[in-house]
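Asks: Mind having a look at this structure? Questions to follow.
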Amino acid sequence: MILSKNLHNILLEIAHKQGVAISFWPSRSVARQCTMNCVNFSRSRKVRLTMTDDQQKSPTPNNLKRVVFCDFDGTITVEETFVAMLKHFAPELSSQLMPEIYARRLSLRSGVRQLLESIPSECYGEIVEFSRGKLMRPGLVELLDFLDERKVDFAIVSGGLRIVVETVMGDLVNRASVIYAVDVDASGPRLQVNSEFEGDTELVSKVRVMDQHPAEEQVAIGDSLTDFNMALQASSVFARDRLAEYLDEQQKPYTKWDNFFDVLESLSQKWNLN
């Protein structure tokens, strides 16, 4: 929800009375993010609020020249962190549904929702711990430095869990302009999925996200089925693994890549000519 700045003290007072902690920090996203962490012994819940800042610029002005949209699982991470988590916490259902998802007989929206909502809420803390220490592909920091120098936004768009993205990214999480991902409610017996940009076939509609960031050039970086629609929409695409195979079927041009140094080199050459 959007909060005016004069509610800052009211929020602090409410948090104090309820015995919870609330923190505010600046963000490069369209609004300043604030997170209230409510600890309930066996599990924790996050209530994500946004507070407007008149002095803060929107990350999606109408005159943006370029925006980079990057997948997370199997793209920023070396391995499919989200898929590995689902296989670990919902092994039997994963073995049934994942082949159907990859074969595109079952939508991501339906399949991933079923998998997530089969996991007991008491596993939430274990999911966070499971995500720690996952390796990221080489060259990410250098690519972010390159984009910052050219004032190009870097948006992470994940069909997986926000908490996993934030845990793996660590200190680098604030280098992204904005993060779009799936949130879960762990207040009930099983996880409940919440997604602001849910689409017809996706829990996170990456095309809808791209529409929030109009630009002359939209660059997509991805590796799998969750990135397919985003890649079809993008001006230029960096694809690997399953995504490359899907794009070959559609005869959609793309640039192959292995690590972010490859992306950096290609964008540097391309943009320096423009």
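Here, A, B, ... name the chains of the structure tokens in the order displayed, residue numbers run from 1 inside each chain, and ligands are numbered from 1 in the same displayed order.
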Against stretch 200-224 of chain A, which residues of stretch 79-155 of chain A fall within 9 Å? For each one I want the closest pair of atoms and the distance in Å (one decimal), counting only C-alpha atoms, rows by chain and increasing residue number, as a tab-separated table.
Replies:
```
residue	atom	partner	partner_atom	distance
A:Tyr102	CA	A:Ser224	CA	8.9
A:Leu106	CA	A:Thr201	CA	8.8
A:Ser107	CA	A:Thr201	CA	5.2
A:Leu108	CA	A:Glu202	CA	5.0
A:Arg109	CA	A:Glu202	CA	4.2
A:Ser110	CA	A:Thr201	CA	7.4
A:Val112	CA	A:Leu203	CA	7.6
A:Arg113	CA	A:Leu203	CA	7.5
```
Asks: Among stretch 109-192 of chain A, which residues does DSSP mark as strand (DSSP E or B) when it is run on the backbone? Keep the chain and numbering as in the structure and answer as an mmCIF file with C-alpha atoms, in the first residue's frame.
Replies:
```cif
data_model
loop_
_atom_site.group_PDB
_atom_site.id
_atom_site.type_symbol
_atom_site.label_atom_id
_atom_site.label_comp_id
_atom_site.auth_asym_id
_atom_site.auth_seq_id
_atom_site.Cartn_x
_atom_site.Cartn_y
_atom_site.Cartn_z
ATOM 1 C CA PRO A 120 3.858 -26.509 5.502
ATOM 2 C CA MET A 136 25.947 -16.573 -8.365
ATOM 3 C CA ASP A 153 18.067 0.266 -14.502
ATOM 4 C CA PHE A 154 18.576 -3.405 -13.619
ATOM 5 C CA ALA A 155 15.279 -5.067 -12.649
ATOM 6 C CA ILE A 156 15.255 -8.574 -11.194
ATOM 7 C CA VAL A 157 12.127 -10.425 -12.314
ATOM 8 C CA SER A 158 11.731 -13.821 -10.676
ATOM 9 C CA GLY A 159 8.963 -16.372 -10.806
ATOM 10 C CA GLY A 160 10.313 -17.683 -7.498
ATOM 11 C CA LEU A 161 10.168 -16.451 -3.915
ATOM 12 C CA VAL A 178 13.577 -3.144 -8.185
ATOM 13 C CA ILE A 179 12.752 -6.790 -7.481
ATOM 14 C CA TYR A 180 9.592 -8.496 -8.706
ATOM 15 C CA ALA A 181 8.913 -11.943 -7.222
ATOM 16 C CA VAL A 182 6.384 -14.125 -5.416
ATOM 17 C CA ASP A 183 5.551 -13.415 -1.767
ATOM 18 C CA VAL A 184 4.142 -16.032 0.593
ATOM 19 C CA ASP A 185 1.985 -15.829 3.694
ATOM 20 C CA ARG A 190 0.538 -24.140 4.651
ATOM 21 C CA GLN A 192 -0.224 -19.140 0.703
#
```
Asks: In Å to one decimal, how far is atom CA of A:Val263 from atom CA of A:Phe238?
Replies: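 That distance, rounded to one decimal, is 7.3 Å.
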Asks: At a cut-off of 10 Å, using only C-alpha atoms, what residues contact A:Ser121? Leave out same-chain residues fewer than 5 positions from it and give the result as a PyMOL selection string.
Replies: chain A and resi 42-44+116+126-127+184-192
Asks: Please, which residues of stretch 84-196 of chain A, numbered as in this document, come out alpha helix (DSSP H) from DSSP, as a VMD selection string?
Replies: chain A and resid 84 to 89 91 to 102 108 to 116 124 to 131 140 to 149 162 to 169
Asks: Hey, which of A:Asn229, A:Leu135, A:Val173, A:Asp248 ends up closest to A:Val78? Count only C-alpha atoms.
Replies: A:Leu135
Asks: Excluding same-chain residues fewer than 2 positions from A:Phe260, what lies within 10 Å of it counting only C-alpha atoms, as a ChimeraX atom specification?
Replies: /A:75-76,136-144,221,238,257-258,262-266
Asks: I'd like to know which of A:Lys252, A:Glu100, A:Cys123, A:Ser131 is closest to A:Ala234, using only C-alpha atoms.
Replies: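 For A:Ala234, the nearest of the given residues is A:Lys252.
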Asks: So, with only C-alpha atoms as the atoms that count, which of A:Leu86, A:Val168, A:Ile101, A:Val193 lies closest to A:Phe72?
Replies: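 Smallest distance to A:Phe72 is found for A:Val168.
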